[in-house]
Structure formats: C-alpha cells, structure tokens
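Okay, entry.txt is below, compact mmCIF, C-alpha atoms:
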# COMPACT_ATOMS: atom_id res chain seq x y z
CA MET A 1338 26.97 1.45 6.51
CA LEU A 1339 26.93 4.22 3.92
CA ALA A 1340 23.53 3.04 2.69
CA LEU A 1341 22.23 3.00 6.26
CA ALA A 1342 23.59 6.49 6.90
CA GLY A 1343 21.98 7.74 3.68
CA THR A 1344 18.64 6.24 4.71
CA LEU A 1345 18.80 7.87 8.14
CA LEU A 1346 19.74 11.26 6.71
CA GLY A 1347 16.95 10.97 4.12
CA ASN A 1348 14.40 10.16 6.81
CA ILE A 1349 15.57 13.06 8.95
CA THR A 1350 15.23 15.42 5.98
CA ILE A 1351 11.74 14.13 5.24
CA ALA A 1352 10.79 14.55 8.89
CA GLN A 1353 11.87 18.20 8.78
CA THR A 1354 9.79 18.98 5.68
CA SER A 1355 6.72 16.82 6.38
CA THR A 1356 3.31 18.01 7.39
CA PRO A 1357 2.38 17.89 11.10
CA SER A 1358 0.10 14.87 10.57
CA ASN A 1359 3.07 12.77 9.42
CA THR A 1360 5.69 14.12 11.86
CA ALA A 1361 4.99 11.62 14.65
CA PHE A 1362 5.09 8.64 12.29
CA LEU A 1363 8.35 9.79 10.68
CA ASN A 1364 9.95 10.50 14.07
CA ASN A 1365 9.15 6.93 15.15
CA GLU A 1366 10.63 5.60 11.91
CA VAL A 1367 13.81 7.65 12.37
CA ALA A 1368 14.15 6.46 15.97
CA THR A 1369 13.73 2.86 14.87
CA ASN A 1370 16.38 3.23 12.17
CA LEU A 1371 18.76 4.83 14.66
CA VAL A 1372 18.32 1.93 17.08
CA ILE A 1373 18.84 -0.64 14.33
CA GLY A 1374 21.88 1.25 13.06
CA PHE A 1375 23.34 1.37 16.57
CA ILE A 1376 22.81 -2.39 17.03
CA VAL A 1377 24.41 -3.20 13.68
CA LEU A 1378 27.35 -0.88 14.35
CA THR A 1379 27.88 -2.38 17.80
CA PHE A 1380 27.76 -5.89 16.32
CA PHE A 1381 30.49 -5.09 13.78
CA ILE A 1382 32.65 -3.40 16.41
CA VAL A 1383 32.38 -6.47 18.65
CA LEU A 1384 33.32 -8.73 15.74
CA VAL A 1385 36.40 -6.63 14.93
CA VAL A 1386 37.51 -6.58 18.56
CA LEU A 1387 37.05 -10.34 18.93
CA PHE A 1388 39.01 -10.97 15.74
CA LYS A 1389 41.87 -8.76 16.92
CA VAL A 1390 41.93 -10.53 20.29
CA TYR A 1391 42.02 -13.88 18.51
CA GLN A 1392 44.90 -12.68 16.33
CA ILE A 1393 46.89 -11.72 19.42
CA LEU A 1394 46.16 -15.01 21.17
CA TYR A 1395 47.02 -16.95 18.02
CA THR A 1396 50.36 -15.18 17.74
CA VAL A 1397 51.21 -15.85 21.40
CA MET A 1398 50.13 -19.49 21.20
CA SER A 1399 52.06 -20.02 17.97
CA LYS A 1400 55.24 -18.80 19.61
CA GLU A 1401 54.67 -21.11 22.59
CA GLU A 1402 54.07 -24.08 20.29
CA GLU A 1403 57.19 -23.24 18.31
CA GLU A 1404 59.29 -23.09 21.52
CA LYS A 1405 57.89 -26.40 22.72
CA ALA A 1406 58.69 -28.05 19.38
CA ALA A 1407 62.24 -26.68 19.48
CA GLN A 1408 62.76 -28.03 22.99
CA ALA A 1409 61.48 -31.46 21.92
CA GLY A 1410 63.69 -31.44 18.85
CA LYS A 1411 60.72 -31.49 16.46
CA ASN A 1412 59.96 -29.40 13.43
CA TYR A 1413 57.17 -26.90 14.06
CA LYS A 1414 54.58 -26.67 11.32
CA PRO A 1415 52.59 -23.49 11.78
CA VAL A 1416 48.92 -23.66 10.99
CA GLY A 1417 47.31 -20.75 9.14
CA LEU A 1418 45.08 -18.36 11.05
CA TRP A 1419 41.94 -19.20 9.06
CA THR A 1420 42.67 -22.93 9.25
CA SER A 1421 43.08 -22.67 12.99
CA LEU A 1422 39.99 -20.51 13.32
CA PHE A 1423 37.90 -22.93 11.25
CA ALA A 1424 39.20 -25.87 13.27
CA SER A 1425 38.23 -24.11 16.49
CA TRP A 1426 34.75 -23.44 15.12
CA THR A 1427 34.16 -26.99 13.91
CA LYS A 1428 36.22 -28.62 16.66
CA ALA A 1429 37.15 -31.22 14.07
CA VAL A 1430 39.04 -34.25 15.33
CA PRO A 1431 41.97 -35.57 13.22
CA LEU A 1432 41.45 -38.93 11.54
CA GLU A 1433 44.03 -40.59 13.73
CA GLU A 1434 42.10 -39.52 16.85
CA GLU A 1435 38.59 -40.52 15.74
CA LYS A 1436 38.65 -43.50 18.10
CA SER A 1437 38.24 -41.04 20.94
CA ILE A 1438 34.81 -39.84 19.70
CA GLU A 1439 33.36 -43.17 18.59
CA LEU A 1440 29.92 -44.03 19.97
CA ASP A 1441 28.47 -47.44 20.72
CA HIS A 1442 26.08 -47.17 17.75
CA GLU A 1443 27.01 -49.17 14.70
CA TYR A 1444 24.88 -49.74 11.59
CA ASP A 1445 25.98 -52.14 8.83
CA GLY A 1446 29.58 -51.79 9.90
CA ILE A 1447 29.41 -47.98 9.96
CA LYS A 1448 30.34 -46.52 13.33
CA GLU A 1449 28.80 -43.27 14.54
CA LEU A 1450 31.07 -40.46 15.67
CA ASP A 1451 30.23 -37.82 18.24
CA ASN A 1452 31.13 -34.91 15.97
CA HIS A 1453 30.20 -31.36 16.83
CA LEU A 1454 27.42 -29.59 14.98
CA PRO A 1455 28.61 -27.57 11.96
CA PRO A 1456 29.14 -23.83 12.50
CA TRP A 1457 26.50 -22.76 9.95
CA TRP A 1458 23.86 -24.79 11.80
CA LEU A 1459 24.87 -23.33 15.14
CA ALA A 1460 24.91 -19.84 13.63
CA LEU A 1461 21.34 -20.27 12.35
CA PHE A 1462 20.23 -21.72 15.68
CA TYR A 1463 21.72 -19.04 17.90
CA GLY A 1464 20.86 -16.35 15.35
CA SER A 1465 17.21 -17.42 15.48
CA ILE A 1466 17.28 -17.12 19.26
CA VAL A 1467 18.77 -13.63 19.09
CA PHE A 1468 16.27 -12.61 16.41
CA GLY A 1469 13.38 -13.96 18.49
CA VAL A 1470 14.50 -12.02 21.56
CA ILE A 1471 14.87 -8.79 19.59
CA TYR A 1472 11.53 -9.38 17.84
CA ILE A 1473 9.61 -9.97 21.07
CA PHE A 1474 11.29 -7.08 22.85
CA GLY A 1475 10.92 -4.67 19.91
CA TYR A 1476 7.28 -5.50 19.09
CA HIS A 1477 5.72 -6.54 22.41
CA VAL A 1478 7.81 -4.84 25.11
CA ALA A 1479 9.47 -1.65 23.88
CA GLY A 1480 6.94 -0.94 21.14
CA TRP A 1481 9.62 0.07 18.63
CA TRP A 1482 7.59 -1.35 15.74
CA PRO A 1483 3.79 -1.52 15.30
CA LEU A 1484 1.91 -4.79 15.58
CA GLN A 1485 -0.21 -6.04 12.67
CA ASP A 1486 -3.44 -4.41 13.83
CA GLU A 1487 -1.64 -1.13 14.56
CA GLU A 1488 0.11 -1.20 11.18
CA TYR A 1489 -3.22 -1.91 9.46
CA ALA A 1490 -4.87 1.01 11.27
CA ALA A 1491 -1.96 3.28 10.29
CA GLU A 1492 -2.25 2.24 6.64
CA GLU A 1493 -5.99 2.87 6.74
CA ALA A 1494 -5.40 6.33 8.19
CA LYS A 1495 -2.85 7.11 5.47
CA ALA A 1496 -5.27 5.89 2.78
CA THR A 1497 -8.02 8.05 4.25
CA GLU A 1498 -5.73 11.06 4.16
CA ILE A 1499 -4.93 10.39 0.50
CA ILE A 1500 -8.62 10.02 -0.34
CA GLN A 1501 -9.48 13.22 1.49
CA ALA A 1502 -6.66 15.03 -0.30
CA ASN A 1503 -7.96 13.85 -3.67
CA LEU A 1504 -11.59 14.61 -2.91
CA GLY A 1505 -11.05 17.90 -1.12
CA THR A 1506 -13.39 19.05 1.63
CA GLU A 1507 -16.42 17.23 0.18
CA GLY A 1508 -15.42 13.89 1.68
CA VAL A 1509 -16.46 10.57 0.19
CA ILE A 1510 -18.91 11.16 -2.66
CA ASP A 1511 -21.45 8.58 -3.82
CA GLU A 1512 -25.15 8.38 -4.64
CA THR A 1513 -26.05 8.36 -0.93
CA THR A 1514 -23.95 11.32 0.20
CA ILE A 1515 -23.95 13.60 -2.85
CA THR A 1516 -25.50 17.05 -2.37
CA TYR A 1517 -25.95 19.85 -4.85
CA ASN A 1518 -22.95 22.19 -4.91
CA ASP A 1519 -23.59 25.56 -6.52
CA ASP A 1520 -20.00 26.78 -6.20
CA PRO A 1521 -19.12 28.37 -9.57
CA ALA A 1522 -15.70 26.70 -9.68
CA PHE A 1523 -17.25 23.31 -8.88
CA LEU A 1524 -19.92 23.76 -11.56
CA GLY A 1525 -17.27 24.96 -14.01
CA GLU A 1526 -15.38 21.69 -13.61
CA GLY A 1527 -18.64 19.83 -14.10
CA LYS A 1528 -19.32 21.73 -17.33
CA LYS A 1529 -15.92 20.68 -18.65
CA VAL A 1530 -16.81 17.04 -18.11
CA PHE A 1531 -20.29 17.60 -19.54
CA ASP A 1532 -18.86 19.13 -22.72
CA GLN A 1533 -16.55 16.16 -23.15
CA ILE A 1534 -18.92 13.24 -22.62
CA CYS A 1535 -22.52 14.49 -22.45
CA MET A 1536 -22.86 17.24 -25.03
CA ALA A 1537 -23.03 14.83 -28.00
CA CYS A 1538 -26.32 13.33 -26.78
CA HIS A 1539 -27.80 16.17 -24.70
CA ARG A 1540 -26.52 19.31 -26.55
CA ALA A 1541 -24.26 21.92 -25.03
CA ASP A 1542 -27.23 23.72 -23.44
CA GLY A 1543 -28.79 20.47 -22.15
CA GLY A 1544 -31.82 20.85 -24.39
CA GLY A 1545 -31.64 17.24 -25.57
CA SER A 1546 -30.85 15.55 -28.86
CA VAL A 1547 -30.38 11.79 -28.93
CA GLY A 1548 -30.62 11.96 -25.17
CA PRO A 1549 -33.48 13.58 -23.24
CA ASN A 1550 -33.90 17.25 -22.36
CA LEU A 1551 -32.11 17.98 -19.09
CA THR A 1552 -33.61 21.44 -18.54
CA ASP A 1553 -37.27 20.60 -17.92
CA ASN A 1554 -38.95 18.96 -14.93
CA TYR A 1555 -39.48 15.58 -16.56
CA TRP A 1556 -37.06 12.77 -15.74
CA ILE A 1557 -36.97 9.14 -16.75
CA HIS A 1558 -34.75 7.98 -13.85
CA GLY A 1559 -35.33 10.74 -11.31
CA GLY A 1560 -34.27 14.37 -11.21
CA ASP A 1561 -32.91 14.49 -7.68
CA ILE A 1562 -29.15 15.10 -7.41
CA LYS A 1563 -28.71 11.58 -6.00
CA ASP A 1564 -30.68 10.08 -8.90
CA ILE A 1565 -28.60 12.02 -11.42
CA PHE A 1566 -25.36 10.84 -9.77
CA ALA A 1567 -26.55 7.20 -9.80
CA THR A 1568 -27.56 7.41 -13.47
CA ILE A 1569 -24.20 8.82 -14.54
CA LYS A 1570 -22.29 6.39 -12.35
CA ASN A 1571 -24.16 3.19 -13.22
CA GLY A 1572 -25.54 4.04 -16.66
CA VAL A 1573 -28.79 2.66 -18.08
CA PRO A 1574 -28.58 -0.92 -19.40
CA GLY A 1575 -29.86 -1.35 -22.94
CA THR A 1576 -29.29 2.28 -23.89
CA SER A 1577 -26.41 4.43 -25.07
CA MET A 1578 -26.13 5.84 -21.52
CA THR A 1579 -23.12 3.83 -20.41
CA SER A 1580 -21.63 3.66 -16.93
CA TRP A 1581 -18.97 6.29 -16.27
CA GLU A 1582 -17.86 4.86 -12.96
CA LYS A 1583 -14.52 3.62 -14.29
CA ALA A 1584 -13.81 6.57 -16.59
CA LEU A 1585 -14.55 9.33 -14.06
CA SER A 1586 -13.64 9.78 -10.42
CA ALA A 1587 -16.36 10.13 -7.81
CA LYS A 1588 -15.55 13.82 -7.55
CA GLN A 1589 -15.90 14.30 -11.31
CA ILE A 1590 -19.25 12.49 -11.32
CA GLY A 1591 -20.34 14.76 -8.47
CA GLN A 1592 -19.26 17.83 -10.43
CA VAL A 1593 -21.09 16.89 -13.62
CA SER A 1594 -24.15 15.83 -11.58
CA SER A 1595 -24.32 19.27 -9.97
CA PHE A 1596 -23.92 20.90 -13.37
CA VAL A 1597 -26.76 18.82 -14.85
CA TYR A 1598 -28.89 19.70 -11.82
CA SER A 1599 -28.14 23.40 -12.38
CA LEU A 1600 -29.56 23.19 -15.94
CA LYS A 1601 -33.12 22.83 -14.64
CA GLY A 1602 -35.32 25.69 -15.78
CA THR A 1603 -32.74 27.27 -18.07
CA ASN A 1604 -35.19 27.06 -21.02
CA PRO A 1605 -32.82 26.65 -23.98
CA PRO A 1606 -34.12 27.38 -27.50
CA ASP A 1607 -35.93 24.55 -29.31
CA PRO A 1608 -35.76 22.02 -26.46
CA LYS A 1609 -36.65 18.40 -26.93
CA ALA A 1610 -40.14 17.30 -25.88
CA PRO A 1611 -40.49 16.20 -22.25
CA GLU A 1612 -39.88 12.55 -21.46
CA GLY A 1613 -40.42 10.51 -18.38
CA VAL A 1614 -42.21 11.61 -15.19
CA GLU A 1615 -42.58 15.12 -13.85
CA GLU A 1616 -40.85 15.66 -10.53
CA GLY A 1617 -43.17 15.02 -7.61
CA GLN A 1618 -45.52 12.76 -9.59
CA SER A 1619 -45.77 9.00 -9.96
CA ASN A 1620 -45.65 7.22 -13.30
CA GLN A 1621 -49.45 6.67 -13.25
CA GLU A 1622 -50.19 10.35 -12.57
CA SER A 1623 -47.98 11.36 -15.47
CA VAL A 1624 -49.79 8.98 -17.84
CA ASP A 1625 -53.24 10.15 -16.68
CA GLU A 1626 -52.45 13.85 -17.06
CA LYS A 1627 -50.57 13.56 -20.36
CA PRO A 1628 -52.09 10.75 -22.39
CA GLY A 1629 -50.15 9.99 -25.54
CA GLN A 1630 -47.14 11.88 -24.24
CA GLN A 1631 -44.90 8.87 -24.73
CA SER A 1632 -45.16 8.48 -28.47
CA ALA A 1633 -43.48 5.68 -30.35
CA ASP A 1634 -40.90 8.11 -31.65
CA THR A 1635 -40.18 9.46 -28.17
CA THR A 1636 -39.87 5.97 -26.70
CA GLU A 1637 -37.44 4.98 -29.41
CA ILE A 1638 -35.26 8.03 -28.76
CA ALA A 1639 -35.45 7.54 -24.99
CA THR A 1640 -33.91 4.12 -25.28
CA GLU A 1641 -30.95 5.56 -27.14
CA GLY A 1642 -29.91 7.97 -24.38
CA GLN A 1643 -31.67 8.56 -21.08
CA ASN A 1644 -31.14 10.93 -18.19
As structure tokens:
Amino acid sequence: MLALAGTLLGNITIAQTSTPSNTAFLNNEVATNLVIGFIVLTFFIVLVVLFKVYQILYTVMSKEEEEKAAQAGKNYKPVGLWTSLFASWTKAVPLEEEKSIELDHEYDGIKELDNHLPPWWLALFYGSIVFGVIYIFGYHVAGWWPLQDEEYAAEEAKATEIIQANLGTEGVIDETTITYNDDPAFLGEGKKVFDQICMACHRADGGGSVGPNLTDNYWIHGGDIKDIFATIKNGVPGTSMTSWEKALSAKQIGQVSSFVYSLKGTNPPDPKAPEGVEEGQSNQESVDEKPGQQSADTTEIATEGQN
C-alpha cells in the first residue's frame, strides 16, 4: 500500500509539473492508478471483514460444540481456527466417512472418490473470471486503458515529440528534405563538425588537400545541398570519404552540409585545382570544354577523398 501511495503521489507531482502536451496522458494514468488502488483497498477491507466475521462465528460455534459434548458426556477436542478454515475450504471428508463419497467408477481395484476441487484451483478459476470481467470492462467498455492500436499510436506520438525536440524546428532532416540554412548559429555548429572531421582532408578554409576543393563550382558528386548531405551521410565507396551516418546525427550532417555549401566562392589562398563537373553542366560538357583537366595526378587524389 505504501508503494502504491508513493506511485500515486509521484504521478500527481509529475502531472503538476509536466508540459501541456503530456497533461492529458498523465491525468489518465493517475485516474487509472486511483481506480486500481481503490479496488485493491476495497478487496483487502472485504477480506479483513470476512475474516473477522469468521472468527466470531467460529467462537460461537466452538462454544456450542463444547456445550453439546458436555451434555453428551464426551470430551470436546477444539479444532484450531486455521485447521477449521482449511477444512471448510477443501471440504475434506474424514477417512472413516469416505464411503459416503465413493463413486461407481473403479479401476484396478482403485475406487474413485467425489472429492471437491482444491482451493488453489478454484482460486485460479474464479480469479481468471474476475480478471476477465475487469479486463473487458476496463479496456472495451469504460476505456480506462488504451487498446493495442491506441497504445501504439500514443507511443508513436511520444517518439515524434522526442525526435522533434532533438531536431528542433527543422523537422526530419535527410537528403530529400534538407535545405540550406544560413543562420549563423546553425553554420557555426556545422563549422565545429567540419573542423573535427573534414579539415584534415579539405583544409580549414575548404581549399582542398587530400580531398577536393570545396570552394569552387566543380563537384564530383554534385554541389547541391542535397547532394552534399548524401555524400557526407553515405560516403563514397573506394575512397577515404567514409559514411558519417552512424557517427553524426541527421541534424549534425545538415549543419556541416550547410557549412560546406556556404564555402562556395570564398576563394581561399592557393586552392586545389578544380575536380569533377562544373555546376549546371553534364560530364560530357565538362570534358569537351576542359580537355586534359582530369590528369592522372588529379584522378589519383580524387579517389583518396571526394566531395
């Protein structure tokens, strides 16, 4: 009971300090706990009352049995309360009276007795009936507890709230929904990630080293913000540009993608020679306009780290 009271008080406290979106759910949970607590408390009270009534009846009946034995000149042997209670539950018949409950069935000389079912079996049977009634009423009639589809929808809503809280106002970010964000704070977070994982191959200013130059208009895997996001997320097989999907969150990939996108046209000193295709042109157009652009040395470097 103390544990139940603590749980109820804890839920009430949480309900008072929760956000409005969770208030309705917590109020339903508190109401459910109150109903369950009331049922359990009522059950124990009924048990105590029944036991007290049985004690009184046992005392009265014991005195009557003792008086009858005295009148018949016999010695009265009182039976303990628990022994009497167990006998009443099992309705056990003494050995000398088993003839009265014999059935006509006999197998290999063993006669079958019409004994009563054991109390534990009856308790499970009747308990299952009570549980079934409460279950049906609570789930399908009163609506105290949510059904499976309702509980699943509630868990999905909670998960969505957690995702939105983690991602902020941008929503779900991937290579199909990402858009360029020029907010200074957003780009600042992207620069932090860039300095940690990208600077070694692309230089701090994005001018390119082992990896390509990120400040010009030439891109090997596309210079659109969605292409940049996909390259960072999935990596480039066969090169040192590994997938960062597991190491970075979607929001972090979005931040560093926007930062890389913001480097276009910054013209750092001593940039690396252009690689790939100029934005707005096809691969064939790039080859026709710049023959020999992809030298053997450039191709070798491009396979080590690509943007």
Distance criterion (all atoms listed in the file): nearest to Ile1565 in chain A out of A:Phe1596, A:Tyr1476, A:Phe1381, A:Tyr1391: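 With all atoms listed in the file as the atom set, the closest residue is A:Phe1596.
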Gly1602 in chain A environment, 8 Å, all atoms listed in the file, sequence neighbours closer than 5 positions dropped, as a short mmCIF file (atom, residue, chain, number, x, y, z; two decimals) with C-alpha atoms, in the frame of the given file:
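Output file part.cif is given in full below:
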data_model
loop_
_atom_site.label_atom_id
_atom_site.label_comp_id
_atom_site.auth_asym_id
_atom_site.auth_seq_id
_atom_site.Cartn_x
_atom_site.Cartn_y
_atom_site.Cartn_z
CA THR A 1552 -33.61 21.44 -18.54
CA ASP A 1553 -37.27 20.60 -17.92
CA ASN A 1554 -38.95 18.96 -14.93
#
With all atoms listed in the file as the counted atoms, please give the residues lying no more than 7 Å from range 1516-1519 of chain A, apart from itself and same-chain residues fewer than 2 positions off, as a ChimeraX atom specification. /A:1514,1521,1524,1562,1595
Report, in Å with one decimal, the straight-line distance from CA of Pro1608 in chain A to CA of Ser1546 in chain A. 8.5 Å
Gap from CA of Ile1569 in chain A to CA of Gly1613 in chain A - Å, one decimal: 16.8 Å
From the list A:Phe1375, A:Ile1534, A:Asn1550, A:Ala1610, which residue is nearest Met1578 in chain A when using only C-alpha atoms? A:Ile1534
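Of the residues under consideration (A:Lys1570, A:Gly1544, A:Gly1559, A:Leu1384), A:Gly1544 shows the shortest atom-to-atom contact distance to Pro1606 in chain A when counting only C-alpha atoms.
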Residue nearest Leu1551 in chain A - candidates A:Thr1396, A:Asn1412, A:Thr1576, A:Thr1603, atoms counted: only C-alpha atoms: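 Going through A:Thr1396, A:Asn1412, A:Thr1576, A:Thr1603 one by one, the smallest distance to Leu1551 in chain A is for A:Thr1603.
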Have a look at CA of Gly1572 in chain A and CA of Ala1496 in chain A and let me know their distance in Å, one decimal. 28.1 Å
Find, counting only C-alpha atoms, the residue in A:Arg1540, A:Lys1583, A:His1477, A:His1558 that gets nearest to Asp1607 in chain A. A:Arg1540
Nearest candidate to Gly1548 in chain A (options A:Glu1582, A:Glu1493, A:Glu1488, A:Glu1612; using all atoms listed in the file):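 Nearest to Gly1548 in chain A: A:Glu1612.
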Output requested as a short mmCIF file (atom, residue, chain, number, x, y, z; two decimals), keeping the file's coordinate frame - range 1470-1499 of chain A, filled out with N, CA and C atoms.
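Writing done, so here's rebuild-v3.cif:
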data_model
loop_
_atom_site.label_atom_id
_atom_site.label_comp_id
_atom_site.auth_asym_id
_atom_site.auth_seq_id
_atom_site.Cartn_x
_atom_site.Cartn_y
_atom_site.Cartn_z
N VAL A 1470 14.46 -12.91 20.39
CA VAL A 1470 14.50 -12.02 21.56
C VAL A 1470 14.30 -10.57 21.13
N ILE A 1471 15.02 -10.16 20.07
CA ILE A 1471 14.87 -8.79 19.59
C ILE A 1471 13.46 -8.54 19.08
N TYR A 1472 12.89 -9.52 18.38
CA TYR A 1472 11.53 -9.38 17.84
C TYR A 1472 10.51 -9.18 18.96
N ILE A 1473 10.57 -10.06 19.97
CA ILE A 1473 9.61 -9.97 21.07
C ILE A 1473 9.78 -8.67 21.83
N PHE A 1474 11.04 -8.30 22.10
CA PHE A 1474 11.29 -7.08 22.85
C PHE A 1474 10.87 -5.85 22.05
N GLY A 1475 11.22 -5.84 20.73
CA GLY A 1475 10.92 -4.67 19.91
C GLY A 1475 9.44 -4.48 19.65
N TYR A 1476 8.71 -5.59 19.44
CA TYR A 1476 7.28 -5.50 19.09
C TYR A 1476 6.37 -5.48 20.32
N HIS A 1477 6.68 -6.33 21.32
CA HIS A 1477 5.72 -6.54 22.41
C HIS A 1477 6.13 -5.88 23.72
N VAL A 1478 7.38 -5.44 23.85
CA VAL A 1478 7.81 -4.84 25.11
C VAL A 1478 8.10 -3.35 24.93
N ALA A 1479 9.08 -3.05 24.07
CA ALA A 1479 9.47 -1.65 23.88
C ALA A 1479 8.54 -0.89 22.95
N GLY A 1480 7.83 -1.62 22.08
CA GLY A 1480 6.94 -0.94 21.14
C GLY A 1480 7.67 -0.15 20.07
N TRP A 1481 8.86 -0.63 19.68
CA TRP A 1481 9.62 0.07 18.63
C TRP A 1481 8.90 -0.01 17.29
N TRP A 1482 8.27 -1.14 17.02
CA TRP A 1482 7.59 -1.35 15.74
C TRP A 1482 6.14 -1.69 16.00
N PRO A 1483 5.22 -1.27 15.08
CA PRO A 1483 3.79 -1.52 15.30
C PRO A 1483 3.42 -2.97 15.05
N LEU A 1484 2.46 -3.46 15.81
CA LEU A 1484 1.91 -4.79 15.58
C LEU A 1484 1.04 -4.77 14.33
N GLN A 1485 0.54 -5.95 13.93
CA GLN A 1485 -0.21 -6.04 12.67
C GLN A 1485 -1.46 -5.17 12.68
N ASP A 1486 -2.22 -5.21 13.78
CA ASP A 1486 -3.44 -4.41 13.83
C ASP A 1486 -3.13 -2.91 13.85
N GLU A 1487 -2.04 -2.53 14.53
CA GLU A 1487 -1.64 -1.13 14.56
C GLU A 1487 -1.15 -0.66 13.19
N GLU A 1488 -0.38 -1.54 12.52
CA GLU A 1488 0.11 -1.20 11.18
C GLU A 1488 -1.05 -1.08 10.20
N TYR A 1489 -2.04 -1.98 10.33
CA TYR A 1489 -3.22 -1.91 9.46
C TYR A 1489 -3.99 -0.61 9.69
N ALA A 1490 -4.16 -0.23 10.96
CA ALA A 1490 -4.87 1.01 11.27
C ALA A 1490 -4.11 2.22 10.73
N ALA A 1491 -2.76 2.17 10.82
CA ALA A 1491 -1.96 3.28 10.29
C ALA A 1491 -2.08 3.38 8.78
N GLU A 1492 -2.09 2.22 8.10
CA GLU A 1492 -2.25 2.24 6.64
C GLU A 1492 -3.63 2.74 6.24
N GLU A 1493 -4.65 2.37 7.02
CA GLU A 1493 -5.99 2.87 6.74
C GLU A 1493 -6.06 4.38 6.91
N ALA A 1494 -5.40 4.88 7.96
CA ALA A 1494 -5.40 6.33 8.19
C ALA A 1494 -4.69 7.06 7.05
N LYS A 1495 -3.57 6.49 6.59
CA LYS A 1495 -2.85 7.11 5.47
C LYS A 1495 -3.70 7.10 4.21
N ALA A 1496 -4.40 5.97 3.97
CA ALA A 1496 -5.27 5.89 2.78
C ALA A 1496 -6.41 6.89 2.86
N THR A 1497 -6.95 7.07 4.07
CA THR A 1497 -8.02 8.05 4.25
C THR A 1497 -7.52 9.45 3.97
N GLU A 1498 -6.31 9.75 4.42
CA GLU A 1498 -5.73 11.06 4.16
C GLU A 1498 -5.55 11.30 2.66
N ILE A 1499 -5.11 10.26 1.95
CA ILE A 1499 -4.93 10.39 0.50
C ILE A 1499 -6.27 10.61 -0.19
#
